[in-house]
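The structure appears below as structure tokens.
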Amino acid sequence: MNTRIFPILLAFLAPLVLSAVERPNILWITAEDMSPTLGCYGDKFADSPNIDKLASRSVLYTNAFASAPVCSPSRSCIINGLYATTQGTQQMRSAFPIPDYMTGFPSFLRKAGYYTSNNVKTDYNSGNYEAIIEACWDESSATAHWRNKKEGQPFFSIFNLMTSHQSRTMVWPYEKFVKEVQSKLPKSLIHDPAKVPLPPYYPDTPVVRKMQARYYDCVSAMDQEVDDILKQLEDDGLADDTIVFFYSDHGSGMPRHKRALLDSGMRVAMMVHCPEKWSHLVAAKNGTRTDRLVSFVDFGPTALSLAGVDIPDYMEGRPFLGKKAVAPRRFVYGHRDRVDEVQDLARSVRDKRYLYIRNFMPHLGYNQTTAWPDLGEIRHEFYRLTDAKKMTPAQWHFAGPSRPLEELYDCQDDPQNLNNLAGSRKHGTILKKMRRQLSANIRWTRDLGFIPEAQAWELTKGTTPWDLARADGNTYDQQSLLAAAQQVGNATAAQFVRNLKDKDAGVRFWGAVGFSGLEDLSVKSSLLNRVTTTLGLSGDKSSPVEALLEALKDESVTVRIEAANALARHGHAKQAIPVLTKALESSNLAAVQHAARSIELLGETAKAAVPAMKACDVRMKVIRPPGTSPVVVQPDKDAAMFVIFSTEAFLKQHGGK
């Protein structure tokens with residue numbers, strides 16, 4: 001054969017070969033912001049007949065977990081089969097770039113001949129989000145549907161149901177919820193606040209009961225939407241050819257659920273129905289339950305496995321269905337980083353029984369003020385009642401001003417994560433095991449979360465966080481960053497002084513965070529003297545205050561901000577506030593976020609920052625004009641929105657007229 005003709009012939013025949021391979025349709029139905037509050041999961045107060053019916057003819061997963069307790073980092077994980085922390089996309093609605101070849105797992109289905117549709121959410125949390133949408137979807141819109149496919153073409157379709165979203169369950173004004181959601185329910189499905197069960201970490205008040213009943217109403221309304229989609233599948237004669245996934249994207253939007261690495265924020269409802277025709281692709285039988293651990297990082301590889309499509313080598317997920325299914329995983333992992341304007345860093349590991357959480361900023365509590373959820377009146381009920389003397393330990397754990405450094409829960413005996421076993425001698429072996437496992441995963445995935453966000457923007461100019469973590473050289477010294485982060489809440493002032501003198505700006509940042517978390521800077525320990533003498537530091541600069549004052553001149557804006565934050569927290573606002581207000585002028589919006597949030601939390605202490613916060617508020621509203629929809633993801637403008645959350649909250653309290 002003429003060798004020049006062969007490639008042309010192969011290109012011509014390839015689509016015909018692909019179309020000749022029969023593949024299952026795959027339908028994903030995703031419920032926003034919903035814990036497993038369904039009848040099929042044993043919730044007797046829930047009214048979810050349609051999802052329960054689907055569960056009765058599906059494999060129901062009792063150990064399915066999100067990779068993060070908020071949506072956009074989780075979607076970043078799902079679309080590429082990689083933890084967000086591996087991609088550098090762990091911060092909420094950030095726009096860090098990822099390698100061009102990471103085009104999303106649906107793009108590989110599409111190349112294999114699938115019709116792909118997405119109705120409608122994307123929110124992929126990277127600078128490549130537009131390229132991913134273009135590569136993944138034949139159609140991504142509010143009207144996207146498998147019905148637009150060609151005759152005989154297999155499809156992969158996603159429907160994202162917003163009815164159980166936090167906006168509906170607790171943020172919208174109650175009147176809007178009644179009009180848009182509750183009015184669609186028959187009276188028999190409207191839940192009575194007087195009868196609603198409350199978890200022990202909620203105070204029992206009329207407002208809390210009203211909001212909890214509202215949440216259940218939203219779940220019931222969403223349940224009807226699931227039934228509508230499944231009926232469309234039946235009407236089109238496609239049910240016998242379609243594998244159906246139903247899952248929620250993380251825990252409910254109610255307090256202590258969304259945004260928390262506890263099971264209430266990370267454990268999700270999930271079921272998979274596989275018709276008889278494709279039953280050879282699923283080991284378990286419909287109508288059964290499995291305690292197999294699955295994570296969102298596994299979803300993309302599993303879809304490719306079901307379709308018989310090769311899984312890219314870079315993906316970290318493990319397929320749990322299909323011909324390429326692998327042995328069950330022993331652990332799932334979670335991460336919590338910045339969410340909206342709220343700075344944070346925590347990591348978790350979970351096996352079938354135990355949950356371990358490591359809080360790297362333990363001086364910041366679970367229930368931090370935050371603009372978007374604070375539109376809901378239930379949040380203000382928690383603020384109103386926050387009192388260690390009046391709250392139960394379970395309520396104070398969430399509402400109090402700080403968190404434990406480590407948390408360990410026996411999820412078998414304590415499914416609501418009420419009894420922290422981290423200090424239990426009996427569980428010392430388990431604690432050490434889970435610590436080691438989490439540390440190993442941080443190293444194996446090259447977790448990028450320990451680089452301060454503003455610094456990460458500087459370090460990744462001309463590259464991507466993914467490539468930075470794999471480059472030769474010392475640009476990304478994860479071991480040093482992790483060691484410094486682990487000392488926060490767990491070390492002496494002497495060690496924080498030492499970190500403030502490190503060559504790595506990230507280590508210096510964590511040294512400043514350590515000081516922010518201390519209760520007192522006034523004591524100069526003998527250990528501090530010994531360390532500073534060893535380092536050859538002068539006596540004046542060996543004290544915490546002098547070390548922090550020196551850090552106000554650091555070349556790194558993120559170190560300057562956190563050093564100023566620490567000083568202001570400990571009575572040195574006069575020197576600190578000018579540094580914070582200067583940072584508000586930065587072109588690095590991640591640094592502006594950091595400074596604005598620090599000022600907001602300092603409150604009255606930072607009242608001298610009012611003029612600068614007003615000017616910053618004006619500048620941010622030029623970048624993101626008032627009236628811009630928060631629903632439409634615009635990574636270039638979202639950073640400005642989060643700054644505005646802090647400037648407006650601060651100015652409302654301290655800015656006068």
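In the structure tokens, the first chain shown is A, the next is B, and so on; residue numbers restart at 1 for each chain, and ligands run from 1 in the order shown.
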Exercise for review: Taking the DSSP assignment computed from this structure's backbone, write out as a VMD selection string all residues of range 196-395 of chain A that belong to strand (DSSP E or B).
Suggested key: chain A and resid 242 to 248 267 to 273 288 to 290 294 to 295 332 to 336 339 342 346 to 350 354 to 359
Selection near Phe159 in chain A, 8 Å with only C-alpha atoms, sequence-local residues under 3 positions removed, as a PDB file with all heavy atoms, in the first residue's frame:
```pdb
ATOM      1  N   TRP A  28     -25.380  12.225  34.615  1.00  0.00           N
ATOM      2  CA  TRP A  28     -25.079  12.674  35.976  1.00  0.00           C
ATOM      3  C   TRP A  28     -26.121  13.695  36.400  1.00  0.00           C
ATOM      4  O   TRP A  28     -26.346  14.700  35.712  1.00  0.00           O
ATOM      5  CB  TRP A  28     -23.706  13.339  36.046  1.00  0.00           C
ATOM      6  CG  TRP A  28     -22.543  12.400  36.051  1.00  0.00           C
ATOM      7  CD1 TRP A  28     -22.556  11.057  35.829  1.00  0.00           C
ATOM      8  CD2 TRP A  28     -21.171  12.757  36.296  1.00  0.00           C
ATOM      9  NE1 TRP A  28     -21.285  10.550  35.923  1.00  0.00           N
ATOM     10  CE2 TRP A  28     -20.409  11.564  36.202  1.00  0.00           C
ATOM     11  CE3 TRP A  28     -20.520  13.956  36.577  1.00  0.00           C
ATOM     12  CZ2 TRP A  28     -19.035  11.546  36.384  1.00  0.00           C
ATOM     13  CZ3 TRP A  28     -19.154  13.942  36.760  1.00  0.00           C
ATOM     14  CH2 TRP A  28     -18.413  12.750  36.672  1.00  0.00           C
ATOM     15  N   ILE A  29     -26.767  13.443  37.546  1.00  0.00           N
ATOM     16  CA  ILE A  29     -27.673  14.410  38.153  1.00  0.00           C
ATOM     17  C   ILE A  29     -27.018  14.865  39.458  1.00  0.00           C
ATOM     18  O   ILE A  29     -26.795  14.055  40.361  1.00  0.00           O
ATOM     19  CB  ILE A  29     -29.057  13.806  38.434  1.00  0.00           C
ATOM     20  CG1 ILE A  29     -29.657  13.235  37.147  1.00  0.00           C
ATOM     21  CG2 ILE A  29     -29.981  14.862  39.044  1.00  0.00           C
ATOM     22  CD1 ILE A  29     -30.968  12.483  37.363  1.00  0.00           C
ATOM     23  N   THR A  30     -26.702  16.148  39.539  1.00  0.00           N
ATOM     24  CA  THR A  30     -25.971  16.687  40.682  1.00  0.00           C
ATOM     25  C   THR A  30     -26.873  17.616  41.480  1.00  0.00           C
ATOM     26  O   THR A  30     -27.418  18.570  40.931  1.00  0.00           O
ATOM     27  CB  THR A  30     -24.728  17.478  40.219  1.00  0.00           C
ATOM     28  OG1 THR A  30     -23.928  16.662  39.375  1.00  0.00           O
ATOM     29  CG2 THR A  30     -23.902  17.921  41.415  1.00  0.00           C
ATOM     30  N   ASN A 118     -23.980  19.925  29.161  1.00  0.00           N
ATOM     31  CA  ASN A 118     -23.878  20.353  30.551  1.00  0.00           C
ATOM     32  C   ASN A 118     -24.932  21.412  30.838  1.00  0.00           C
ATOM     33  O   ASN A 118     -24.928  22.474  30.237  1.00  0.00           O
ATOM     34  CB  ASN A 118     -22.490  20.936  30.822  1.00  0.00           C
ATOM     35  CG  ASN A 118     -22.352  21.449  32.239  1.00  0.00           C
ATOM     36  OD1 ASN A 118     -22.562  20.714  33.197  1.00  0.00           O
ATOM     37  ND2 ASN A 118     -22.005  22.720  32.389  1.00  0.00           N
ATOM     38  N   ASN A 119     -25.820  21.118  31.763  1.00  0.00           N
ATOM     39  CA  ASN A 119     -26.896  22.024  32.137  1.00  0.00           C
ATOM     40  C   ASN A 119     -26.798  22.286  33.645  1.00  0.00           C
ATOM     41  O   ASN A 119     -27.288  21.515  34.448  1.00  0.00           O
ATOM     42  CB  ASN A 119     -28.235  21.394  31.774  1.00  0.00           C
ATOM     43  CG  ASN A 119     -29.413  22.288  31.989  1.00  0.00           C
ATOM     44  OD1 ASN A 119     -29.399  23.161  32.825  1.00  0.00           O
ATOM     45  ND2 ASN A 119     -30.485  22.042  31.251  1.00  0.00           N
ATOM     46  N   VAL A 120     -26.127  23.361  34.103  1.00  0.00           N
ATOM     47  CA  VAL A 120     -25.515  24.393  33.297  1.00  0.00           C
ATOM     48  C   VAL A 120     -24.207  24.834  33.943  1.00  0.00           C
ATOM     49  O   VAL A 120     -23.432  25.523  33.347  1.00  0.00           O
ATOM     50  CB  VAL A 120     -26.476  25.597  33.143  1.00  0.00           C
ATOM     51  CG1 VAL A 120     -26.830  26.192  34.510  1.00  0.00           C
ATOM     52  CG2 VAL A 120     -25.938  26.662  32.253  1.00  0.00           C
TER      53      VAL A 120
END
```
**Study point:** Near-Gly655 in chain A list (10 Å; only C-alpha atoms; drop same-chain fewer than 6 positions) as a list in words
**Key:** Lys607, Ala608, Ala609, Val610, Pro611, Met613, Lys614, Thr647, Glu648 and Ala649 of chain A
**Study point:** Nearest-residue call for Leu468 in chain A, choices A:Val618, A:Asp447, A:Met266, A:Gln182, using only C-alpha atoms
**Key:** A:Asp447
Practice item. Tell me which protein, DNA and RNA residues are within 9 Å of Asn367 in chain A, counting only C-alpha atoms, leaving out same-chain ones fewer than 2 positions away, and put them as an MDAnalysis selection string. Key: chainID A and resid 255:256 364:365 369:370 379 382:383 398:402
Next, the residues of the selection above should be written as a short mmCIF file (atom, residue, chain, number, x, y, z; two decimals), in the first residue's frame with N, CA and C atoms.
```
data_model
loop_
_atom_site.label_atom_id
_atom_site.label_comp_id
_atom_site.auth_asym_id
_atom_site.auth_seq_id
_atom_site.Cartn_x
_atom_site.Cartn_y
_atom_site.Cartn_z
N PRO A 255 -25.28 26.00 58.43
CA PRO A 255 -24.10 26.18 59.27
C PRO A 255 -23.49 24.86 59.73
N ARG A 256 -22.14 24.82 59.75
CA ARG A 256 -21.33 23.67 60.16
C ARG A 256 -21.31 22.56 59.11
N LEU A 364 -8.31 30.68 63.94
CA LEU A 364 -9.49 31.15 63.21
C LEU A 364 -10.58 30.10 63.35
N GLY A 365 -11.75 30.48 63.87
CA GLY A 365 -12.79 29.52 64.18
C GLY A 365 -13.56 29.03 62.96
N THR A 369 -17.16 35.28 60.36
CA THR A 369 -18.09 36.11 59.59
C THR A 369 -17.74 36.04 58.11
N THR A 370 -18.75 36.02 57.27
CA THR A 370 -18.53 35.94 55.83
C THR A 370 -19.77 36.47 55.11
N ARG A 379 -27.48 32.53 60.45
CA ARG A 379 -26.11 32.83 60.85
C ARG A 379 -26.09 33.84 62.00
N PHE A 382 -26.70 32.34 65.36
CA PHE A 382 -25.49 31.79 65.99
C PHE A 382 -24.66 32.90 66.62
N TYR A 383 -24.49 34.02 65.90
CA TYR A 383 -23.71 35.12 66.47
C TYR A 383 -24.36 35.64 67.75
N PHE A 398 -18.42 24.76 67.09
CA PHE A 398 -18.63 25.46 65.83
C PHE A 398 -18.62 26.97 66.00
N ALA A 399 -19.24 27.47 67.05
CA ALA A 399 -19.46 28.91 67.18
C ALA A 399 -18.29 29.64 67.83
N GLY A 400 -17.40 28.92 68.49
CA GLY A 400 -16.32 29.55 69.23
C GLY A 400 -15.29 30.21 68.33
N PRO A 401 -14.37 31.00 68.91
CA PRO A 401 -13.44 31.81 68.13
C PRO A 401 -12.24 31.06 67.56
N SER A 402 -12.05 29.80 67.96
CA SER A 402 -10.89 29.05 67.49
C SER A 402 -11.27 27.59 67.27
#
```
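Here CA of Cys218 in chain A is placed at a distance of 13.7 Å from CA of Pro49 in chain A.
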Check your understanding: When distances are computed from only C-alpha atoms, which of A:Phe515, A:Phe177, A:Tyr202, A:Tyr114 shows the smallest separation from His397 in chain A?
Key ->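 Closest residue, counting only C-alpha atoms: A:Tyr202.
Each of A:Ala485, A:Ile378, A:Val268, A:Leu584 was checked against Asn359 in chain A using only C-alpha atoms; the smallest atom-to-atom distance is that of A:Ala485.
Restricting the calculation to only C-alpha atoms, the smallest distance between Ala221 in chain A and any of A:Lys53, A:Ala31, A:Ala346, A:Asp235 is found for A:Ala31.
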Review point. Hey, which of A:Val244, A:Leu408, A:Met102, A:Leu233 ends up closest to Ala131 in chain A? Count only C-alpha atoms.
Key: A:Met102
Practice item. Would you mind telling me which residue in A:Val579, A:Val545, A:Ala590, A:Leu385 lies nearest to Glu458 in chain A when using only C-alpha atoms? Key: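 Closest to Glu458 in chain A of all the choices is A:Ala590.
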Exercise for review: Please measure the separation of CA of Asn474 in chain A and CA of Ala494 in chain A, giving the value in Å to one decimal.
Suggested key: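 Going from CA of Asn474 in chain A over to CA of Ala494 in chain A, I get 25.1 Å.
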Close residues, Pro328 in chain A itself excluded, 9 Å, only C-alpha atoms, min 2 positions apart in chain, as an mmCIF file with C-alpha atoms, in the first residue's frame:
```
data_model
loop_
_atom_site.group_PDB
_atom_site.id
_atom_site.type_symbol
_atom_site.label_atom_id
_atom_site.label_comp_id
_atom_site.auth_asym_id
_atom_site.auth_seq_id
_atom_site.Cartn_x
_atom_site.Cartn_y
_atom_site.Cartn_z
ATOM 1 C CA ARG A 292 -16.596 1.383 49.378
ATOM 2 C CA LEU A 293 -14.755 4.677 49.811
ATOM 3 C CA VAL A 294 -15.043 6.923 46.774
ATOM 4 C CA ARG A 318 -9.068 5.663 40.822
ATOM 5 C CA PHE A 320 -14.397 2.333 40.782
ATOM 6 C CA ALA A 325 -11.886 -0.414 37.874
ATOM 7 C CA VAL A 326 -9.164 -0.844 40.486
ATOM 8 C CA ARG A 330 -8.340 2.865 51.888
#
```
Review point. Got a sec: who's within 9 Å of Ser480 in chain A, counting only C-alpha atoms, leaving out chain neighbours fewer than 4 positions off, as JSON, numbers by chain?
Key: {"A": [484, 485, 504, 506, 507]}
Check your understanding: So how far away is CA of Ile26 in chain A from CA of Gly237 in chain A, in Å?
Key ->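 Here the two named atoms are 14.2 Å from each other.
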Check your understanding: Can you list, as a PyMOL selection string, every protein, DNA or RNA residue that comes within 9 Å of range 64-68 of chain A when you count only C-alpha atoms, leaving out same-chain residues fewer than 3 positions away?
Key -> chain A and resi 61+71-74+77-78+83-84+90+247-251+259-261+263+265-270+291-297+332-337
